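Structure data (CSV, C-alpha atoms and all ligand atoms) from final35.csv:
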```
chain,number,residue,atom,x,y,z
A,280,MET,CA,-25.2,-8.9,22.9
A,281,THR,CA,-23.7,-11.2,20.4
A,282,ARG,CA,-20.3,-11.5,18.8
A,283,VAL,CA,-20.1,-12.4,15.1
A,284,GLU,CA,-17.2,-14.0,13.5
A,285,LEU,CA,-16.5,-14.9,9.9
A,286,GLU,CA,-13.6,-17.4,9.4
A,287,HIS,CA,-12.0,-17.7,6.0
A,288,VAL,CA,-15.2,-17.2,4.1
A,289,THR,CA,-15.1,-17.7,0.4
A,290,LYS,CA,-18.1,-17.2,-1.8
A,291,ARG,CA,-18.3,-17.6,-5.6
A,292,PHE,CA,-21.2,-16.8,-8.0
A,293,GLY,CA,-20.2,-18.8,-11.0
A,294,LYS,CA,-16.8,-17.4,-12.0
A,295,VAL,CA,-17.1,-14.3,-9.8
A,296,VAL,CA,-15.3,-14.6,-6.5
A,297,ALA,CA,-17.5,-12.3,-4.4
A,298,LEU,CA,-15.6,-13.0,-1.1
A,299,ASP,CA,-12.1,-14.2,-1.1
A,300,ASP,CA,-11.0,-15.9,2.2
A,301,LEU,CA,-12.6,-13.2,4.2
A,302,SER,CA,-12.2,-13.2,8.0
A,303,LEU,CA,-13.6,-10.7,10.4
A,304,GLU,CA,-14.8,-10.3,14.0
A,305,VAL,CA,-17.7,-8.1,15.1
A,306,ARG,CA,-17.5,-7.5,18.8
A,307,LYS,CA,-20.4,-7.7,21.2
A,308,GLY,CA,-22.5,-4.5,21.1
A,309,GLU,CA,-20.4,-2.9,18.5
A,310,PHE,CA,-21.5,-0.7,15.6
A,311,PHE,CA,-19.4,-2.3,12.8
A,312,VAL,CA,-19.4,-0.8,9.3
A,313,LEU,CA,-18.4,-2.5,6.1
A,314,LEU,CA,-17.1,0.1,3.7
A,315,GLY,CA,-15.9,-0.3,0.2
A,316,PRO,CA,-16.6,0.4,-3.5
A,317,SER,CA,-19.5,-1.0,-5.5
A,318,GLY,CA,-19.1,-4.8,-6.1
A,319,CYS,CA,-16.5,-5.4,-3.4
A,320,GLY,CA,-18.7,-7.9,-1.5
A,321,LYS,CA,-20.4,-5.9,1.2
A,322,THR,CA,-24.0,-7.2,0.6
A,323,THR,CA,-22.7,-10.7,0.1
A,324,THR,CA,-21.0,-10.5,3.5
A,325,LEU,CA,-24.2,-9.3,5.2
A,326,ARG,CA,-26.3,-12.0,3.5
A,327,ILE,CA,-23.9,-14.6,4.7
A,328,ILE,CA,-24.2,-13.4,8.3
A,329,ALA,CA,-28.0,-13.4,7.8
A,330,GLY,CA,-28.0,-16.9,6.4
A,331,LEU,CA,-29.5,-15.7,3.1
A,332,GLU,CA,-26.3,-17.0,1.4
A,333,HIS,CA,-24.1,-19.9,2.3
A,334,PRO,CA,-20.3,-19.7,2.0
A,335,ASP,CA,-18.5,-22.2,-0.3
A,336,LYS,CA,-15.7,-22.3,2.3
A,337,GLY,CA,-15.3,-21.0,5.8
A,338,ARG,CA,-17.5,-20.7,8.9
A,339,VAL,CA,-19.9,-18.2,10.5
A,340,LEU,CA,-20.0,-18.1,14.3
A,341,PHE,CA,-22.4,-16.3,16.7
A,342,ASP,CA,-20.7,-16.2,20.0
A,343,GLU,CA,-19.0,-19.6,20.1
A,344,GLU,CA,-21.8,-21.3,18.2
A,345,GLU,CA,-21.4,-22.2,14.6
A,346,VAL,CA,-24.3,-21.0,12.5
A,347,THR,CA,-22.9,-21.5,9.0
A,348,HIS,CA,-25.7,-23.9,8.0
A,349,LEU,CA,-28.5,-22.5,10.2
A,350,PRO,CA,-31.5,-21.0,8.2
A,351,PRO,CA,-32.0,-17.3,8.6
A,352,ALA,CA,-35.1,-17.7,10.9
A,353,ARG,CA,-33.0,-19.6,13.5
A,354,ARG,CA,-30.2,-17.0,13.7
A,355,GLY,CA,-32.1,-14.2,15.4
A,356,VAL,CA,-30.9,-11.5,13.0
A,357,SER,CA,-32.9,-8.6,11.5
A,358,MET,CA,-32.0,-7.0,8.3
A,359,VAL,CA,-32.9,-3.6,6.9
A,360,PHE,CA,-32.5,-3.3,3.2
A,361,GLN,CA,-31.9,-0.3,1.0
A,362,SER,CA,-35.4,-0.6,-0.4
A,363,TYR,CA,-37.0,-0.7,3.1
A,364,ALA,CA,-39.5,-3.4,1.8
A,365,VAL,CA,-42.4,-2.2,3.8
A,366,TRP,CA,-45.8,-3.7,2.8
A,367,PRO,CA,-47.9,-1.0,1.1
A,368,HIS,CA,-51.3,-2.6,2.0
A,369,MET,CA,-50.5,-2.7,5.7
A,370,THR,CA,-50.5,0.1,8.2
A,371,VAL,CA,-47.3,1.1,9.9
A,372,TYR,CA,-48.6,-0.8,13.0
A,373,GLU,CA,-49.2,-4.0,11.1
A,374,ASN,CA,-45.9,-3.7,9.2
A,375,ILE,CA,-44.0,-3.6,12.6
A,376,ALA,CA,-46.2,-6.3,14.1
A,377,LEU,CA,-45.9,-8.7,11.2
A,378,PRO,CA,-42.6,-10.5,12.2
A,379,LEU,CA,-44.0,-10.8,15.7
A,380,ARG,CA,-47.2,-12.4,14.4
A,381,VAL,CA,-45.1,-14.8,12.4
A,382,ARG,CA,-43.4,-15.8,15.6
A,383,LYS,CA,-46.9,-16.4,17.1
A,384,MET,CA,-46.4,-13.9,19.9
A,385,ARG,CA,-49.4,-13.0,22.2
A,386,ASP,CA,-51.4,-9.9,21.1
A,387,GLU,CA,-50.6,-7.9,24.3
A,388,GLU,CA,-46.9,-8.6,23.9
A,389,ILE,CA,-47.1,-7.6,20.2
A,390,ASP,CA,-48.9,-4.4,21.1
A,391,ARG,CA,-46.3,-3.6,23.8
A,392,ARG,CA,-43.4,-4.1,21.5
A,393,VAL,CA,-44.8,-2.2,18.6
A,394,ARG,CA,-45.4,0.8,20.8
A,395,GLU,CA,-42.0,0.5,22.4
A,396,VAL,CA,-40.1,0.5,19.1
A,397,ALA,CA,-42.4,3.2,17.6
A,398,ARG,CA,-41.6,5.4,20.6
A,399,LEU,CA,-37.9,4.7,20.1
A,400,MET,CA,-38.1,5.6,16.4
A,401,ARG,CA,-40.4,8.5,17.0
A,402,ILE,CA,-43.2,7.2,14.8
A,403,GLU,CA,-45.9,6.8,17.4
A,404,ASP,CA,-48.2,9.2,15.6
A,405,LEU,CA,-47.9,7.3,12.3
A,406,LEU,CA,-49.0,3.9,13.4
A,407,SER,CA,-52.3,3.9,11.7
A,408,ARG,CA,-51.0,5.3,8.4
A,409,TYR,CA,-50.2,3.4,5.3
A,410,PRO,CA,-46.6,3.6,3.8
A,411,SER,CA,-47.9,5.6,0.8
A,412,GLN,CA,-48.8,8.3,3.3
A,413,LEU,CA,-45.2,8.6,4.7
A,414,SER,CA,-42.1,10.5,3.6
A,415,GLY,CA,-39.0,8.5,2.7
A,416,GLY,CA,-37.4,9.2,6.0
A,417,GLN,CA,-40.5,8.1,7.9
A,418,ARG,CA,-40.7,4.9,5.8
A,419,GLN,CA,-37.1,4.2,6.6
A,420,ARG,CA,-37.8,4.6,10.3
A,421,VAL,CA,-40.6,2.1,10.0
A,422,ALA,CA,-38.3,-0.4,8.5
A,423,VAL,CA,-35.8,0.0,11.3
A,424,ALA,CA,-38.6,-0.2,13.9
A,425,ARG,CA,-39.7,-3.5,12.4
A,426,ALA,CA,-36.2,-4.8,12.5
A,427,LEU,CA,-35.9,-3.8,16.2
A,428,ALA,CA,-39.3,-5.2,17.3
A,429,VAL,CA,-38.1,-8.8,17.3
A,430,THR,CA,-35.1,-7.8,19.5
A,431,PRO,CA,-32.6,-9.4,17.2
A,432,ARG,CA,-29.2,-10.7,18.4
A,433,VAL,CA,-27.6,-8.9,15.4
A,434,LEU,CA,-29.0,-6.0,13.4
A,435,LEU,CA,-27.9,-5.9,9.8
A,436,MET,CA,-28.3,-2.9,7.6
A,437,ASP,CA,-27.5,-2.6,3.9
A,438,GLU,CA,-27.2,1.0,2.8
A,439,PRO,CA,-30.5,1.9,4.6
A,440,LEU,CA,-30.1,5.6,4.1
A,441,SER,CA,-29.3,5.7,0.4
A,442,ASN,CA,-32.8,6.6,-0.7
A,443,LEU,CA,-32.9,9.7,1.4
A,444,ASP,CA,-31.9,13.2,0.3
A,445,ALA,CA,-28.7,14.6,1.6
A,446,LEU,CA,-30.1,16.5,4.5
A,447,LEU,CA,-32.3,13.8,5.7
A,448,ARG,CA,-29.5,11.3,5.5
A,449,VAL,CA,-27.4,13.4,7.9
A,450,GLN,CA,-30.3,13.5,10.3
A,451,ALA,CA,-31.2,9.8,9.9
A,452,ARG,CA,-27.6,8.7,10.5
A,453,ALA,CA,-27.4,10.6,13.7
A,454,GLU,CA,-30.6,9.0,14.8
A,455,LEU,CA,-29.2,5.5,14.0
A,456,LYS,CA,-26.1,6.2,15.9
A,457,LYS,CA,-28.0,7.4,18.9
A,458,LEU,CA,-30.3,4.4,18.7
A,459,GLN,CA,-27.4,1.9,18.6
A,460,ASN,CA,-25.8,3.7,21.6
A,461,GLU,CA,-29.0,3.2,23.5
A,462,THR,CA,-29.9,-0.4,22.5
A,463,LYS,CA,-26.2,-1.6,22.3
A,464,LEU,CA,-27.3,-4.1,19.7
A,465,THR,CA,-24.5,-5.7,17.7
A,466,THR,CA,-24.9,-3.9,14.4
A,467,VAL,CA,-23.3,-4.5,11.0
A,468,TYR,CA,-23.9,-1.7,8.6
A,469,VAL,CA,-23.0,-1.6,4.9
A,470,THR,CA,-22.2,1.6,3.1
A,471,HIS,CA,-19.9,2.9,0.3
A,472,ASP,CA,-20.1,6.4,1.8
A,473,GLN,CA,-16.9,7.0,3.7
A,474,VAL,CA,-18.3,9.9,5.7
A,475,GLU,CA,-21.2,7.8,6.8
A,476,ALA,CA,-18.8,5.1,7.8
A,477,MET,CA,-16.6,7.4,9.8
A,478,VAL,CA,-19.6,9.0,11.6
A,479,LEU,CA,-21.3,5.7,12.5
A,480,ALA,CA,-18.7,3.2,13.1
A,481,ASP,CA,-17.1,2.0,16.4
A,482,ARG,CA,-14.9,0.1,14.0
A,483,VAL,CA,-14.9,-0.1,10.2
A,484,ALA,CA,-13.7,-2.8,7.8
A,485,VAL,CA,-12.5,-1.4,4.5
A,486,MET,CA,-13.1,-3.9,1.7
A,487,ASN,CA,-12.0,-4.2,-1.9
A,488,ALA,CA,-12.4,-7.0,-4.3
A,489,GLY,CA,-13.9,-9.5,-1.9
A,490,ARG,CA,-11.2,-8.9,0.8
A,491,VAL,CA,-10.9,-7.0,4.0
A,492,LEU,CA,-8.0,-4.6,3.7
A,493,GLN,CA,-8.1,-3.1,7.1
A,494,VAL,CA,-10.2,-3.1,10.3
A,495,GLY,CA,-9.9,-0.3,12.8
A,496,SER,CA,-11.5,2.6,14.5
A,497,PRO,CA,-12.3,5.5,12.1
A,498,GLU,CA,-9.3,7.3,13.6
A,499,GLU,CA,-7.0,4.4,12.9
A,500,VAL,CA,-8.0,3.8,9.3
A,501,TYR,CA,-7.7,7.6,8.7
A,502,THR,CA,-4.5,8.3,10.4
A,503,LYS,CA,-2.7,5.0,9.7
A,504,PRO,CA,-4.1,3.5,6.5
A,505,ALA,CA,-2.7,0.0,6.0
A,506,ASN,CA,-2.2,0.5,2.3
A,507,ARG,CA,-2.6,2.8,-0.6
A,508,PHE,CA,-6.2,1.8,-1.3
A,509,VAL,CA,-7.4,2.6,2.2
A,510,ALA,CA,-5.5,5.8,2.2
A,511,HIS,CA,-7.1,6.9,-1.0
A,512,PHE,CA,-10.6,5.6,-0.3
A,513,ILE,CA,-10.9,7.4,3.0
A,514,GLY,CA,-10.7,11.1,3.3
A,515,SER,CA,-12.4,13.9,1.4
A,516,PRO,CA,-10.8,15.8,-0.4
A,517,PRO,CA,-8.7,12.7,-1.1
A,518,ILE,CA,-5.1,12.3,0.0
A,519,ASN,CA,-2.3,13.5,-2.3
A,520,LEU,CA,-0.3,10.6,-3.6
A,521,PHE,CA,3.0,10.7,-5.5
A,522,GLU,CA,5.7,8.3,-6.4
A,523,GLY,CA,9.2,8.8,-5.1
A,524,VAL,CA,12.6,7.2,-4.6
A,525,VAL,CA,14.2,6.9,-1.2
A,526,GLU,CA,17.6,8.6,-1.1
A,527,GLN,CA,20.2,9.2,1.6
A,528,ASP,CA,18.6,12.3,3.0
A,529,GLY,CA,15.0,11.9,2.2
A,530,ILE,CA,12.5,10.9,-0.4
A,531,ASN,CA,12.8,12.4,-3.8
A,532,VAL,CA,9.4,12.9,-5.3
A,533,GLY,CA,10.6,14.8,-8.3
A,534,PHE,CA,9.4,18.2,-7.4
A,535,ALA,CA,10.9,18.1,-3.9
A,536,LYS,CA,13.0,16.2,-1.5
A,537,LEU,CA,11.0,15.3,1.5
A,538,PRO,CA,12.9,14.5,4.7
A,539,VAL,CA,11.4,11.7,6.7
A,540,ALA,CA,10.7,12.5,10.3
A,541,ALA,CA,12.1,9.2,11.5
A,542,GLY,CA,15.5,10.2,10.2
A,543,PRO,CA,18.0,8.9,7.7
A,544,ASP,CA,18.9,5.8,9.7
A,545,VAL,CA,15.5,4.2,9.2
A,546,LEU,CA,15.7,5.0,5.5
A,547,ARG,CA,19.0,3.3,4.9
A,548,SER,CA,17.6,-0.1,4.2
A,549,TYR,CA,15.2,1.4,1.7
A,550,ILE,CA,17.7,3.5,-0.2
A,551,GLY,CA,17.2,3.3,-4.0
A,552,ARG,CA,13.7,1.8,-3.7
A,553,GLN,CA,10.5,3.2,-5.0
A,554,VAL,CA,7.8,4.2,-2.6
A,555,ILE,CA,4.4,6.0,-2.8
A,556,VAL,CA,4.2,9.1,-0.6
A,557,GLY,CA,0.9,10.3,0.7
A,558,VAL,CA,0.0,13.6,2.4
A,559,ARG,CA,-3.5,14.6,3.4
A,560,PRO,CA,-4.8,18.0,2.2
A,561,GLU,CA,-5.1,19.3,5.8
A,562,ASP,CA,-1.4,18.4,6.5
A,563,VAL,CA,-0.3,20.9,3.9
A,564,ARG,CA,-0.4,24.5,5.0
A,565,MET,CA,-0.4,27.8,3.3
A,566,THR,CA,1.4,29.5,6.1
A,567,PRO,CA,5.0,28.8,7.3
A,568,ALA,CA,5.5,26.4,10.3
A,569,PRO,CA,8.6,25.0,11.9
A,570,ASN,CA,10.3,22.0,10.3
A,571,HIS,CA,7.9,22.1,7.3
A,572,VAL,CA,9.1,21.7,3.7
A,573,GLU,CA,8.5,24.8,1.7
A,574,LEU,CA,7.3,24.5,-1.9
A,575,VAL,CA,6.4,27.1,-4.5
A,576,GLY,CA,3.5,26.5,-6.9
A,577,SER,CA,0.8,28.2,-8.8
A,578,VAL,CA,-2.9,28.1,-8.0
A,579,TRP,CA,-4.7,25.9,-10.5
A,580,LEU,CA,-8.2,25.9,-9.1
A,581,ILE,CA,-9.9,26.8,-5.9
A,582,GLU,CA,-12.9,24.8,-4.6
A,583,ASN,CA,-15.1,26.5,-2.1
A,584,LEU,CA,-16.3,24.1,0.6
A,585,GLY,CA,-18.3,26.7,2.5
A,586,GLY,CA,-16.3,27.2,5.7
A,587,ASP,CA,-12.9,26.6,4.0
A,588,TYR,CA,-11.3,26.0,0.7
A,589,VAL,CA,-9.5,23.3,-1.2
A,590,VAL,CA,-6.7,24.9,-3.2
A,591,LEU,CA,-5.3,22.8,-6.1
A,592,VAL,CA,-1.7,23.9,-6.4
A,593,ALA,CA,0.4,23.0,-9.4
A,594,ILE,CA,4.0,22.3,-8.9
A,595,GLY,CA,5.5,21.3,-12.2
A,596,ASP,CA,3.2,18.5,-13.5
A,597,THR,CA,2.0,17.6,-10.0
A,598,ILE,CA,-1.3,18.9,-8.6
A,599,LEU,CA,-1.5,19.1,-4.8
A,600,ARG,CA,-4.7,19.5,-2.8
A,601,VAL,CA,-4.3,21.9,0.1
A,602,LYS,CA,-7.0,22.6,2.7
A,603,SER,CA,-7.1,26.2,3.7
A,604,ARG,CA,-9.2,28.6,5.8
A,605,GLU,CA,-8.2,31.5,3.6
A,606,ARG,CA,-8.7,32.0,0.0
A,607,PRO,CA,-5.3,32.6,-1.6
A,608,VAL,CA,-5.1,36.0,-3.3
A,609,ALA,CA,-2.0,35.6,-5.5
A,610,ASP,CA,-1.6,33.1,-8.3
A,611,LYS,CA,1.8,32.1,-7.0
A,612,VAL,CA,1.7,30.5,-3.6
A,613,ARG,CA,4.1,28.9,-1.0
A,614,ILE,CA,2.9,25.8,0.6
A,615,TYR,CA,4.3,23.9,3.6
A,616,ILE,CA,4.3,20.1,4.1
A,617,ASP,CA,4.7,18.6,7.5
A,618,PRO,CA,7.1,15.7,7.0
A,619,LYS,CA,5.8,14.1,10.2
A,620,LYS,CA,2.5,13.6,8.6
A,621,LEU,CA,3.7,11.7,5.5
A,622,HIS,CA,2.3,8.3,4.7
A,623,ILE,CA,4.7,6.0,3.0
A,624,PHE,CA,3.8,2.9,1.0
A,625,ASP,CA,5.9,0.3,-0.8
A,626,LYS,CA,5.5,0.8,-4.5
A,627,GLU,CA,5.1,-2.9,-5.3
A,628,SER,CA,3.0,-4.2,-2.4
A,629,GLU,CA,1.3,-0.9,-1.7
A,630,GLN,CA,1.5,-1.7,2.0
A,631,ARG,CA,2.3,0.9,4.6
A,632,LEU,CA,5.9,1.1,5.7
A,633,SER,CA,5.0,1.3,9.3
A,634,ARG,CA,8.6,1.6,10.4
A,635,PHE,CA,8.6,5.1,9.1
A,636,ASP,CA,5.9,5.9,11.6
A,637,LYS,CA,7.3,8.0,14.4
A,638,GLU,CA,5.8,5.8,17.2
A,639,ASP,CA,7.3,2.7,15.7
A,640,LEU,CA,10.8,3.7,16.4
B,1,LIG,N1,-26.6,-13.6,-7.0
B,1,LIG,C1,-25.4,-13.2,-7.7
B,1,LIG,N2,-25.1,-13.8,-8.8
B,1,LIG,C2,-23.9,-13.5,-9.5
B,1,LIG,N3,-23.1,-12.6,-9.0
B,1,LIG,C3,-23.4,-12.0,-7.9
B,1,LIG,C4,-24.6,-12.2,-7.2
B,1,LIG,N4,-24.6,-11.5,-6.1
B,1,LIG,C5,-23.4,-10.7,-6.1
B,1,LIG,N5,-22.7,-11.0,-7.2
B,1,LIG,C6,-21.4,-10.5,-7.6
B,1,LIG,O1,-20.5,-10.6,-6.4
B,1,LIG,C7,-19.7,-9.4,-6.2
B,1,LIG,C8,-20.1,-8.8,-4.9
B,1,LIG,O2,-21.4,-8.3,-4.9
B,1,LIG,P1,-22.1,-7.5,-3.7
B,1,LIG,O3,-23.5,-7.3,-4.0
B,1,LIG,O4,-21.7,-8.2,-2.4
B,1,LIG,O5,-21.3,-6.1,-3.7
B,1,LIG,P2,-21.5,-4.8,-2.9
B,1,LIG,O6,-20.2,-4.5,-2.2
B,1,LIG,O7,-22.7,-4.9,-2.0
B,1,LIG,O8,-21.8,-3.7,-4.0
B,1,LIG,P3,-22.8,-2.4,-4.1
B,1,LIG,O9,-22.1,-1.3,-3.3
B,1,LIG,O10,-22.9,-2.1,-5.5
B,1,LIG,O11,-24.1,-2.9,-3.5
B,1,LIG,C9,-20.1,-8.5,-7.5
B,1,LIG,O12,-19.1,-8.7,-8.4
B,1,LIG,C10,-21.5,-9.0,-7.9
B,1,LIG,O13,-21.6,-8.8,-9.3
B,2,MG,MG,-24.6,-4.0,-2.0
```

Using structure tokens, write down the structure from this file.
Amino acid sequence: MTRVELEHVTKRFGKVVALDDLSLEVRKGEFFVLLGPSGCGKTTTLRIIAGLEHPDKGRVLFDEEEVTHLPPARRGVSMVFQSYAVWPHMTVYENIALPLRVRKMRDEEIDRRVREVARLMRIEDLLSRYPSQLSGGQRQRVAVARALAVTPRVLLMDEPLSNLDALLRVQARAELKKLQNETKLTTVYVTHDQVEAMVLADRVAVMNAGRVLQVGSPEEVYTKPANRFVAHFIGSPPINLFEGVVEQDGINVGFAKLPVAAGPDVLRSYIGRQVIVGVRPEDVRMTPAPNHVELVGSVWLIENLGGDYVVLVAIGDTILRVKSRERPVADKVRIYIDPKKLHIFDKESEQRLSRFDKEDL
């Protein structure tokens, strides 16, 4: 098991700053996910760990050893790409065996390893087939098997499931998670799909514009987003966000006055200042509850999610998303916000005001 560390890594492509003083640590045996929108630098980060790119500034460490200038072949990493890159003219067996042959391994050892990873990936019956005779999901498993055959120190995966249809994706990600649980390989996994990130990650790094905005467990980044971007990027349906002004007795968001659970004392230093208030759709209810703020609005749209509904409620000019088990019957509805569940961000810096969090008191 290997620990991976990036220290103050900057990478430019011409004028584009792909990575901007990026630091992060992947712990031994961890399933670490890089999550962020297109172009934020996920692939570049992975390629720098692999040694396929070199940073302009900063260092890459595997355990305590600096590998910044080591070529890919000497790092002991395996990478699975979005496009799988399996060789069409080789059987599945030969595809998996290829990196082992390159390493001049003995035939018996190659055979043993190929069969072992094939069993792990449940493709034993496909070893004599050619890639054109496989489904997308099977091809993807071949690519992972090939990456595992060399027993890498670090397994790198760049959106490996994005070519699969929705149902297969869900199945394949469960298999990957299970596999990593069993092998305990240090894994860095890139995706722009927040659900995938939440399901797979031990810890996730949320990235934007070449920077890491927050690193934490899926629970942490969801329940305590460090800033507005993370709050909005994670969660589906997305968090409700509105601007407000801190007043003596709560936050005035225009259509309501929201008391802050922490109490007016904490607010005092922020009085008169602008904030962004966030509340997740599941923290707004359609039935009364103690200490909730009651608001009246009208139903603007109902989205059916299968088991439950997202009700878009208009209150003046503001539309609030509410998650509900029941489909509202009337156009006019009462909704109830839990003030303890509010997320508050500074309007300027967009950083979370953690001192409004209950446990920070
Ligand atoms: N070889 C290159 N030459 C020039 N610019 C590049 C090169 N590789 C990446 N970039 C730029 O660097 C930034 C980061 O790219 P990167 O591929 O790391 O993003 P990403 O997060 O993987 O995005 P996606 O989700 O679309 O794959 C982008 O602005 C991209 O255009
Ligand atoms: Mg990419």

- A:Asp437, A:Glu373, A:Asp390, A:Glu395 ranked by distance to Asp472 in chain A, top pick (using all atoms listed in the file):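 That would be A:Asp437, the residue with the smallest distance to Asp472 in chain A.
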
- Counting all atoms listed in the file, the residue of A:Asn487, A:Gln412, A:Thr430, A:Thr347 that sits nearest ligand LIG 1 (chain B): A:Asn487

Using all atoms listed in the file, tabulate the residues of chain A lying at most 8 Å from any atom of ligand LIG 1 (chain B), each with its closest atom pair and that distance in Å to one decimal, by chain and increasing residue number, as a Markdown table.
```
| residue | atom | partner | partner_atom | distance |
| --- | --- | --- | --- | --- |
| A:Arg291 | CA | B:LIG1 | O1 | 7.4 |
| A:Phe292 | CA | B:LIG1 | C2 | 4.5 |
| A:Gly293 | CA | B:LIG1 | C2 | 6.6 |
| A:Val295 | CA | B:LIG1 | O1 | 6.1 |
| A:Val296 | CA | B:LIG1 | O1 | 6.6 |
| A:Ala297 | CA | B:LIG1 | O1 | 4.0 |
| A:Leu298 | CA | B:LIG1 | C8 | 7.2 |
| A:Gly315 | CA | B:LIG1 | O6 | 6.5 |
| A:Pro316 | CA | B:LIG1 | O9 | 5.8 |
| A:Ser317 | CA | B:LIG1 | O9 | 3.4 |
| A:Gly318 | CA | B:LIG1 | O5 | 3.5 |
| A:Cys319 | CA | B:LIG1 | O6 | 4.0 |
| A:Gly320 | CA | B:LIG1 | O4 | 3.1 |
| A:Lys321 | CA | B:LIG1 | O6 | 3.7 |
| A:Thr322 | CA | B:LIG1 | O7 | 3.7 |
| A:Thr323 | CA | B:LIG1 | O4 | 3.7 |
| A:Thr324 | CA | B:LIG1 | O4 | 6.4 |
| A:Asp437 | CA | B:LIG1 | O7 | 7.9 |
| A:Val469 | CA | B:LIG1 | O7 | 7.7 |
| A:Thr470 | CA | B:LIG1 | O9 | 7.0 |
| A:His471 | CA | B:LIG1 | O9 | 6.0 |
| A:Ala488 | CA | B:LIG1 | C7 | 7.9 |
| A:Gly489 | CA | B:LIG1 | C8 | 6.9 |
```

Can I get the selected residues back with C-alpha atoms, as a compact mmCIF listing (two decimals), in the coordinates of the input?
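Result file part08.txt:
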```
# COMPACT_ATOMS: atom_id res chain seq x y z
CA ARG A 291 -18.30 -17.60 -5.60
CA PHE A 292 -21.20 -16.80 -8.00
CA GLY A 293 -20.20 -18.80 -11.00
CA VAL A 295 -17.10 -14.30 -9.80
CA VAL A 296 -15.30 -14.60 -6.50
CA ALA A 297 -17.50 -12.30 -4.40
CA LEU A 298 -15.60 -13.00 -1.10
CA GLY A 315 -15.90 -0.30 0.20
CA PRO A 316 -16.60 0.40 -3.50
CA SER A 317 -19.50 -1.00 -5.50
CA GLY A 318 -19.10 -4.80 -6.10
CA CYS A 319 -16.50 -5.40 -3.40
CA GLY A 320 -18.70 -7.90 -1.50
CA LYS A 321 -20.40 -5.90 1.20
CA THR A 322 -24.00 -7.20 0.60
CA THR A 323 -22.70 -10.70 0.10
CA THR A 324 -21.00 -10.50 3.50
CA ASP A 437 -27.50 -2.60 3.90
CA VAL A 469 -23.00 -1.60 4.90
CA THR A 470 -22.20 1.60 3.10
CA HIS A 471 -19.90 2.90 0.30
CA ALA A 488 -12.40 -7.00 -4.30
CA GLY A 489 -13.90 -9.50 -1.90
```

- Message: Could you list, as a ChimeraX atom specification, every residue within 7 Å of range 440-455 of chain A, counting only C-alpha atoms and ignoring same-chain residues fewer than 3 positions away?
- Response: /A:361,415-416,458-459

Written file, previous selection with C-alpha atoms, as a PDB file, in the frame of the given file:
```
ATOM      1  CA  GLN A 361     -31.900  -0.300   1.000  1.00  0.00           C
ATOM      2  CA  GLY A 415     -39.000   8.500   2.700  1.00  0.00           C
ATOM      3  CA  GLY A 416     -37.400   9.200   6.000  1.00  0.00           C
ATOM      4  CA  LEU A 458     -30.300   4.400  18.700  1.00  0.00           C
ATOM      5  CA  GLN A 459     -27.400   1.900  18.600  1.00  0.00           C
TER       6      GLN A 459
END
```

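For Ile375 in chain A, the non-local neighbours within 8 Å, defined as residues at least 6 positions apart in the same chain or in other chains and counting only C-alpha atoms, are Val393, Val421, Ala422, Ala424, Arg425, Ala426 and Ala428 of chain A.
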
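Taking CA of Arg391 in chain A and CA of Ala376 in chain A as endpoints, the distance between them is 10.1 Å.
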
- Which one of A:Arg398, A:Pro439, A:Met369, A:Pro351 sits closest to ligand MG 2 (chain B) if you count all atoms listed in the file? A:Pro439

- Item | Spatial neighbours of range 581-590 of chain A, max dist 10 Å, only C-alpha atoms, sep filter under 4 positions, as a PyMOL selection string | chain A and resi 516+560-561+565+577+598-607

How would the residues just chosen look if you wrote them out with C-alpha atoms as an mmCIF file, in the coordinates of the input?
```cif
data_model
loop_
_atom_site.group_PDB
_atom_site.id
_atom_site.type_symbol
_atom_site.label_atom_id
_atom_site.label_comp_id
_atom_site.auth_asym_id
_atom_site.auth_seq_id
_atom_site.Cartn_x
_atom_site.Cartn_y
_atom_site.Cartn_z
ATOM 1 C CA PRO A 516 -10.800 15.800 -0.400
ATOM 2 C CA PRO A 560 -4.800 18.000 2.200
ATOM 3 C CA GLU A 561 -5.100 19.300 5.800
ATOM 4 C CA MET A 565 -0.400 27.800 3.300
ATOM 5 C CA SER A 577 0.800 28.200 -8.800
ATOM 6 C CA ILE A 598 -1.300 18.900 -8.600
ATOM 7 C CA LEU A 599 -1.500 19.100 -4.800
ATOM 8 C CA ARG A 600 -4.700 19.500 -2.800
ATOM 9 C CA VAL A 601 -4.300 21.900 0.100
ATOM 10 C CA LYS A 602 -7.000 22.600 2.700
ATOM 11 C CA SER A 603 -7.100 26.200 3.700
ATOM 12 C CA ARG A 604 -9.200 28.600 5.800
ATOM 13 C CA GLU A 605 -8.200 31.500 3.600
ATOM 14 C CA ARG A 606 -8.700 32.000 0.000
ATOM 15 C CA PRO A 607 -5.300 32.600 -1.600
#
```

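If you measure from each of A:Arg326, A:Lys611, A:Lys294, A:Lys307 to ligand MG 2 (chain B) using only C-alpha atoms and all ligand atoms, the closest one turns out to be A:Arg326.
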
- Item | Contacts of Thr370 in chain A at 8 Å (all atoms listed in the file; same-chain gap of 4+ positions) as a PyMOL selection string | chain A and resi 374+406-410

- Calculate how many Å separate CA of Val558 in chain A from CA of Leu479 in chain A, rounding to one decimal.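 That distance, rounded to one decimal, is 24.9 Å.
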
- Hey, which of A:Arg392, A:Lys457, A:Arg306, A:His333 ends up closest to Thr289 in chain A? Count all atoms listed in the file.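 Closest candidate: A:His333.
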
- Query: Rounded to one decimal in Å, what is the spacing between CA of Leu413 in chain A and CA of His368 in chain A?
  - Reply: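 About the pair CA of Leu413 in chain A and CA of His368 in chain A: they are 13.0 Å apart.
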